[in-house]
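A.B. asks: First the structure, which I've put down as structure tokens, then a few questions once you've had a look.
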Amino acid sequence: MKHLKKLLLVAIFTVGLGGVANAQKTAHINTDKLLSSMPETKAMQAELEKLKKTYNDDIESLINKLKAKITKYEAEGKSQTQEENQKRAIEVQQDRQKIAQAEQQAAQELQKKYQEKTLPILKKAEDAIKAVAAEKSIIYVFDAAPGKGLIVYDKGEDIYNAVKTKLGF
């Protein structure tokens, strides 16, 4: 009887510890690696590169027109009045400001487009991570991307492949 009580106590203690261990189940995932391998991210990057090239081409066109104007004005400068040369200098300065504004606007538009496109991708990845964690009864998922999370010991489960499968790629 005494041995049965000890055995029962050991069994309860072991089951109790197992429950505590399962309650603290952790995993990790490199979110940078996940996001960069998602097809949506690759499509977004291609779209942003195309848009960036369009903006750069437009700005380059403005710069070339300005260069041509400056060359023309410099060639005609000696035959023009001082007043006319001052008007032309102001015109050139205004064109330079327009180019600077176009560059600034292009950068803002690219940033805005990046944010618009990134949010749904992040949401999709987060939802997949949460779904995999729920399926595997994982309580904590740490980000193993360099500089993002602090993982001192990485023997926990890496759920990268499971999340990729959940996302369908």
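Residues in the structure tokens are named by chain (A, B, ... in the order shown) and by number from 1 within that chain; ligands are numbered from 1 in the order shown.
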Name the residues in contact with Asp95 in chain A at a cut-off of 12 Å, using only C-alpha atoms, excluding same-chain residues fewer than 2 positions from it; report them as a count of residues only.

C.D. replies: 22

A.B. asks: Using DSSP on the backbone, list every residue of range 24-64 of chain A that comes out as alpha helix (DSSP H), and give them as a ChimeraX atom specification.

C.D. replies: /A:31-37,39-64

A.B. asks: May I have the selected residues written with C-alpha atoms, as a CSV table (one decimal), in the first residue's frame?

C.D. replies:
```csv
chain,number,residue,atom,x,y,z
A,31,THR,CA,10.4,36.3,-40.0
A,32,ASP,CA,12.8,38.1,-42.3
A,33,LYS,CA,13.5,34.8,-44.1
A,34,LEU,CA,9.8,34.0,-44.2
A,35,LEU,CA,8.8,37.4,-45.6
A,36,SER,CA,11.5,37.4,-48.2
A,37,SER,CA,10.5,34.0,-49.5
A,39,PRO,CA,5.6,35.1,-53.4
A,40,GLU,CA,3.6,38.3,-52.4
A,41,THR,CA,6.8,39.9,-51.3
A,42,LYS,CA,8.6,39.1,-54.5
A,43,ALA,CA,5.7,40.4,-56.5
A,44,MET,CA,5.6,43.6,-54.4
A,45,GLN,CA,9.4,44.1,-54.9
A,46,ALA,CA,9.0,43.7,-58.7
A,47,GLU,CA,6.1,46.2,-58.8
A,48,LEU,CA,8.0,48.8,-56.7
A,49,GLU,CA,11.2,48.4,-58.8
A,50,LYS,CA,9.0,49.1,-61.9
A,51,LEU,CA,7.4,52.1,-60.3
A,52,LYS,CA,10.9,53.4,-59.1
A,53,LYS,CA,12.2,53.0,-62.7
A,54,THR,CA,9.3,55.1,-64.0
A,55,TYR,CA,9.9,57.8,-61.5
A,56,ASN,CA,13.6,57.8,-62.2
A,57,ASP,CA,13.0,58.0,-66.0
A,58,ASP,CA,10.7,61.0,-65.5
A,59,ILE,CA,13.2,62.8,-63.2
A,60,GLU,CA,16.0,62.0,-65.6
A,61,SER,CA,14.0,63.6,-68.4
A,62,LEU,CA,13.5,66.7,-66.4
A,63,ILE,CA,17.2,66.8,-65.6
A,64,ASN,CA,18.1,66.5,-69.3
```

A.B. asks: Have a look at CA of Lys25 in chain A and CA of Thr118 in chain A and let me know their distance in Å, one decimal.

C.D. replies: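 CA of Thr118 in chain A lies at a distance of 29.8 Å from CA of Lys25 in chain A.
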
A.B. asks: Counting only C-alpha atoms, figure out which residue out of A:Tyr73, A:Phe169, A:Ala162, A:Lys78 gets nearest to Ala134 in chain A.

C.D. replies: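 Smallest separation from Ala134 in chain A among the options: A:Ala162.
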
A.B. asks: Looking only at the backbone, which of the residues in range 69-162 of chain A does DSSP tag as strand (DSSP E or B), as a count of residues only?

C.D. replies: 6

A.B. asks: Kindly give the distance, in Å, that separates CA of His28 in chain A and CA of Ala133 in chain A, rounded to a single decimal.

C.D. replies: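 Separating CA of His28 in chain A from CA of Ala133 in chain A is a distance of 10.0 Å.
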
A.B. asks: Pick from A:Lys72, A:Glu84, A:Asn30, A:Leu167: nearest to Asp127 in chain A, with only C-alpha atoms counted?

C.D. replies: A:Leu167
